[in-house]
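> Data file run_18.cif (mmCIF, C-alpha atoms) is appended below.
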data_target
loop_
_atom_site.label_atom_id
_atom_site.label_comp_id
_atom_site.auth_asym_id
_atom_site.auth_seq_id
_atom_site.Cartn_x
_atom_site.Cartn_y
_atom_site.Cartn_z
CA MET G 1 104.61 103.60 97.83
CA SER G 2 103.59 105.94 95.06
CA ASP G 3 101.26 105.06 92.18
CA GLU G 4 104.35 104.99 89.95
CA GLN G 5 106.07 102.48 92.24
CA PHE G 6 102.98 100.26 92.32
CA ALA G 7 102.78 100.38 88.52
CA TRP G 8 106.47 99.46 88.25
CA LEU G 9 106.04 96.52 90.64
CA GLU G 10 102.95 95.24 88.83
CA ASP G 11 104.78 95.50 85.48
CA ARG G 12 107.76 93.51 86.83
CA LEU G 13 105.51 90.83 88.33
CA TRP G 14 103.69 90.36 85.01
CA TYR G 15 107.03 90.27 83.16
CA TRP G 16 108.31 87.36 85.28
CA ARG G 17 104.94 85.63 85.36
CA ARG G 18 104.93 85.42 81.54
CA ARG G 19 108.33 83.73 81.80
CA GLN G 20 106.99 81.32 84.45
CA SER G 21 109.76 82.34 86.82
CA PRO G 22 109.66 82.67 90.60
CA VAL G 23 109.94 86.24 91.83
CA MET G 24 111.91 87.21 94.92
CA VAL G 25 110.62 90.43 96.48
CA ILE G 26 112.71 91.72 99.36
CA SER G 27 111.51 94.30 101.86
CA HIS G 28 112.95 95.33 105.17
CA HIS G 29 109.46 95.81 106.61
CA PRO G 30 107.04 92.91 107.01
CA LEU G 31 103.45 92.92 105.86
CA PRO G 32 100.87 92.71 108.66
CA ASP G 33 99.51 89.29 109.57
CA THR G 34 102.20 87.29 107.80
CA VAL G 35 105.37 85.93 109.48
CA THR G 36 106.47 85.81 113.12
CA SER G 37 105.31 88.76 115.26
CA THR G 38 103.51 90.60 112.46
CA ARG G 39 100.25 90.40 114.40
CA ASN G 40 102.09 92.48 117.00
CA ARG G 41 101.06 96.15 117.22
CA LEU G 42 104.67 97.18 116.53
CA PHE G 43 104.50 95.92 112.94
CA MET G 44 100.85 96.46 111.96
CA ASN G 45 101.42 99.87 110.36
CA ASP G 46 104.78 99.55 108.59
CA TYR G 47 103.07 100.19 105.23
CA LEU G 48 100.64 103.02 104.56
CA GLN G 49 98.99 100.98 101.81
CA ALA G 50 99.43 97.41 103.04
CA ASP G 51 96.11 96.26 101.56
CA ARG G 52 97.04 97.58 98.13
CA LEU G 53 100.44 95.87 98.24
CA LEU G 54 98.81 92.62 99.38
CA GLN G 55 96.39 92.79 96.43
CA VAL G 56 99.26 93.27 93.97
CA LEU G 57 101.28 90.39 95.39
CA GLY G 58 98.20 88.19 95.78
CA ARG G 59 97.42 88.28 92.06
CA HIS G 60 100.57 86.40 91.06
CA PRO G 61 101.79 82.84 91.61
CA ASP G 62 105.34 82.05 92.70
CA ILE G 63 105.95 85.27 94.63
CA PHE G 64 108.46 84.93 97.47
CA PHE G 65 108.24 87.94 99.80
CA PHE G 66 111.27 88.10 102.13
CA THR G 67 111.02 90.42 105.13
CA GLY G 68 113.17 91.44 108.04
CA HIS G 69 112.71 94.09 110.73
CA THR G 70 111.17 91.82 113.38
CA HIS G 71 114.50 90.13 114.29
CA ARG G 72 112.57 87.04 115.38
CA PRO G 73 114.32 83.63 115.50
CA LEU G 74 113.89 81.33 112.53
CA GLU G 75 113.08 78.41 114.83
CA ARG G 76 109.53 79.76 115.13
CA GLY G 77 106.78 77.83 113.36
CA ASP G 78 105.58 80.88 111.45
CA TRP G 79 108.95 81.87 109.96
CA TYR G 80 107.35 80.92 106.59
CA ILE G 81 103.70 81.18 105.62
CA ARG G 82 101.52 81.29 102.53
CA ARG G 83 99.48 84.47 102.60
CA VAL G 84 96.17 84.17 100.78
CA VAL G 85 94.68 87.51 99.79
CA PRO G 86 90.86 87.49 99.66
CA GLY G 87 89.58 88.49 96.24
CA SER G 88 92.87 87.77 94.49
CA ALA G 89 93.30 85.39 91.58
CA ASP G 90 95.70 83.06 93.41
CA LEU G 91 93.84 80.88 95.91
CA ASP G 92 97.14 79.27 97.00
CA GLY G 93 98.57 82.58 98.18
CA PHE G 94 102.07 83.96 97.96
CA HIS G 95 105.04 82.90 100.06
CA THR G 96 106.22 85.13 102.90
CA ILE G 97 109.50 84.38 104.66
CA ASN G 98 111.16 85.91 107.72
CA THR G 99 114.84 86.55 106.94
CA GLY G 100 116.08 86.29 110.55
CA ALA G 101 118.61 88.77 111.89
CA ILE G 102 122.29 89.37 112.39
CA GLU G 103 123.57 90.42 115.82
CA THR G 104 120.33 90.95 117.77
CA GLY G 105 117.35 88.63 117.97
CA TRP G 106 114.09 89.37 119.77
CA LEU G 107 111.58 87.18 121.58
CA ASP G 108 107.93 88.17 122.01
CA ASN G 109 106.58 88.96 125.43
CA PRO G 110 103.00 89.76 126.55
CA ASP G 111 103.29 93.53 125.99
CA GLY G 112 104.41 92.96 122.39
CA VAL G 113 107.70 94.81 122.66
CA GLY G 114 109.94 91.78 123.05
CA GLU G 115 113.08 90.76 124.87
CA VAL G 116 116.57 90.35 123.43
CA VAL G 117 117.61 86.75 122.74
CA PRO G 118 120.37 85.99 125.26
CA GLY G 119 123.88 85.26 123.94
CA GLY G 120 125.00 85.78 120.37
CA PHE G 121 122.52 85.78 117.53
CA ASN G 122 123.18 85.42 113.82
CA GLN G 123 120.58 83.73 111.60
CA GLY G 124 119.78 83.96 107.92
CA LEU G 125 118.65 82.15 104.80
CA GLN G 126 120.02 80.30 101.82
CA ILE G 127 117.78 80.21 98.75
CA GLU G 128 118.05 77.64 95.96
CA ALA G 129 115.86 78.26 92.92
CA GLY G 130 115.38 75.59 90.29
CA PRO G 131 113.01 75.02 87.36
CA ARG G 132 110.49 73.07 89.49
CA TRP G 133 110.87 74.39 93.05
CA VAL G 134 112.47 76.88 95.40
CA THR G 135 114.18 75.65 98.55
CA VAL G 136 114.55 78.01 101.50
CA LYS G 137 117.00 76.95 104.20
CA ALA G 138 117.21 78.66 107.59
CA ARG G 139 120.70 78.70 109.11
CA ASP G 140 122.13 79.57 112.51
CA PHE G 141 125.55 80.98 111.70
CA MET G 142 126.62 81.21 115.36
CA ARG G 143 126.07 77.48 115.97
CA GLN G 144 127.07 76.63 112.37
CA GLU G 145 124.01 74.46 111.83
CA TRP G 146 120.88 74.32 109.72
CA ILE G 147 117.66 75.09 111.57
CA LYS G 148 115.06 73.96 109.02
CA GLN G 149 114.16 74.10 105.37
CA ILE G 150 111.16 74.08 103.11
CA ARG G 151 110.98 73.01 99.47
CA ILE G 152 108.21 74.82 97.62
CA PRO G 153 106.99 73.55 94.24
CA LEU G 154 106.46 76.24 91.63
CA SER G 155 102.94 76.73 90.27
CA GLY G 156 103.59 75.03 86.93
CA THR G 157 104.71 71.87 88.76
CA ARG G 158 101.91 71.46 91.35
#
Write out the structure in this file as structure tokens.


Amino acid sequence: MSDEQFAWLEDRLWYWRRRQSPVMVISHHPLPDTVTSTRNRLFMNDYLQADRLLQVLGRHPDIFFFTGHTHRPLERGDWYIRRVVPGSADLDGFHTINTGAIETGWLDNPDGVGEVVPGGFNQGLQIEAGPRWVTVKARDFMRQEWIKQIRIPLSGTR
């Protein structure tokens, strides 16, 4: 990202923070050391300035960072995490969510590359944002069933 893009992002985050609104940031690439498989060598260098982006996101409450690219199943325990950024103003961290994948899912294996999930694969999210919380629901569209959900209180309601 360029300096101009970072400035734009910071401006938008402050704009929505003043309005006490949750912010949904969507990126195809995951940040390192966040959701499923992002400790894997394949995803550690997707951003040239990952630390700078983490610092920007870490300064604001109620950030929801949705990422794809890993194609990992939403059944995993680390499909959602709170990422605390050392030195940032928000000790609770920002929310990072794996968006799943359509068509091809991958499972981790010891060499880090992964194996294709057998059979059909089609998972995604439904987001419900209200004045006091955001609910993120993981859905398996092939099996037509909900996998899990998390209801996250917004910072003004904790």

> Evaluating the PyMOL selection byres ((chain G and resi 21-24) around 9) on the displayed file yields which residues, as a PDB file with C-alpha atoms, in the coordinates of the input?


ATOM      1  CA  LEU G  13     105.510  90.830  88.330  1.00  0.00           C
ATOM      2  CA  TRP G  16     108.310  87.360  85.280  1.00  0.00           C
ATOM      3  CA  ARG G  17     104.940  85.630  85.360  1.00  0.00           C
ATOM      4  CA  ARG G  18     104.930  85.420  81.540  1.00  0.00           C
ATOM      5  CA  ARG G  19     108.330  83.730  81.800  1.00  0.00           C
ATOM      6  CA  GLN G  20     106.990  81.320  84.450  1.00  0.00           C
ATOM      7  CA  VAL G  25     110.620  90.430  96.480  1.00  0.00           C
ATOM      8  CA  ILE G  26     112.710  91.720  99.360  1.00  0.00           C
ATOM      9  CA  PRO G  61     101.790  82.840  91.610  1.00  0.00           C
ATOM     10  CA  ASP G  62     105.340  82.050  92.700  1.00  0.00           C
ATOM     11  CA  ILE G  63     105.950  85.270  94.630  1.00  0.00           C
ATOM     12  CA  PHE G  64     108.460  84.930  97.470  1.00  0.00           C
ATOM     13  CA  PHE G  65     108.240  87.940  99.800  1.00  0.00           C
ATOM     14  CA  PHE G  66     111.270  88.100 102.130  1.00  0.00           C
ATOM     15  CA  ALA G 129     115.860  78.260  92.920  1.00  0.00           C
ATOM     16  CA  PRO G 131     113.010  75.020  87.360  1.00  0.00           C
ATOM     17  CA  TRP G 133     110.870  74.390  93.050  1.00  0.00           C
ATOM     18  CA  VAL G 134     112.470  76.880  95.400  1.00  0.00           C
ATOM     19  CA  LEU G 154     106.460  76.240  91.630  1.00  0.00           C
ATOM     20  CA  SER G 155     102.940  76.730  90.270  1.00  0.00           C
TER      21      SER G 155
END

> Counting all atoms listed in the file, which of G:Leu125, G:Leu42, G:Ile147, G:Ile81 gets nearest to G:His95?

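Closest to G:His95, using all atoms listed in the file: G:Ile81.
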
> To verify the selection step, state as a list of chain:residue names which residues the PyMOL selection byres ((chain G and resi 34) around 9) yields on this input.

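So the PyMOL selection byres ((chain G and resi 34) around 9), applied here, picks out G:Pro30, G:Leu31, G:Pro32, G:Asp33, G:Val35, G:Thr36, G:Ser37, G:Thr38, G:Arg39, G:Asp78, G:Trp79, G:Tyr80, G:Ile81, G:Arg82, G:Arg83, G:Thr96, G:Ile97.
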
> Do a neighbour search on G:Arg139 at 8 Å with all atoms listed in the file, toss out local chain neighbours closer than 3 positions, and write the hits as number ranges by chain.

G: 123-126, 144-148

> Suppose a student applies the PyMOL selection byres ((chain G and resi 50-57) around 7) to this structure; what residues should they get, written as a ChimeraX atom specification?

/G:10,31,47-49,58-60,63,85,88,94

> Next, write the just-selected residues to a file, as an mmCIF file, keeping the file's coordinate frame, keeping C-alpha atoms as the atom set.


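Listing of result03.cif after writing:
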data_model
loop_
_atom_site.group_PDB
_atom_site.id
_atom_site.type_symbol
_atom_site.label_atom_id
_atom_site.label_comp_id
_atom_site.auth_asym_id
_atom_site.auth_seq_id
_atom_site.Cartn_x
_atom_site.Cartn_y
_atom_site.Cartn_z
ATOM 1 C CA GLU G 10 102.950 95.240 88.830
ATOM 2 C CA LEU G 31 103.450 92.920 105.860
ATOM 3 C CA TYR G 47 103.070 100.190 105.230
ATOM 4 C CA LEU G 48 100.640 103.020 104.560
ATOM 5 C CA GLN G 49 98.990 100.980 101.810
ATOM 6 C CA GLY G 58 98.200 88.190 95.780
ATOM 7 C CA ARG G 59 97.420 88.280 92.060
ATOM 8 C CA HIS G 60 100.570 86.400 91.060
ATOM 9 C CA ILE G 63 105.950 85.270 94.630
ATOM 10 C CA VAL G 85 94.680 87.510 99.790
ATOM 11 C CA SER G 88 92.870 87.770 94.490
ATOM 12 C CA PHE G 94 102.070 83.960 97.960
#
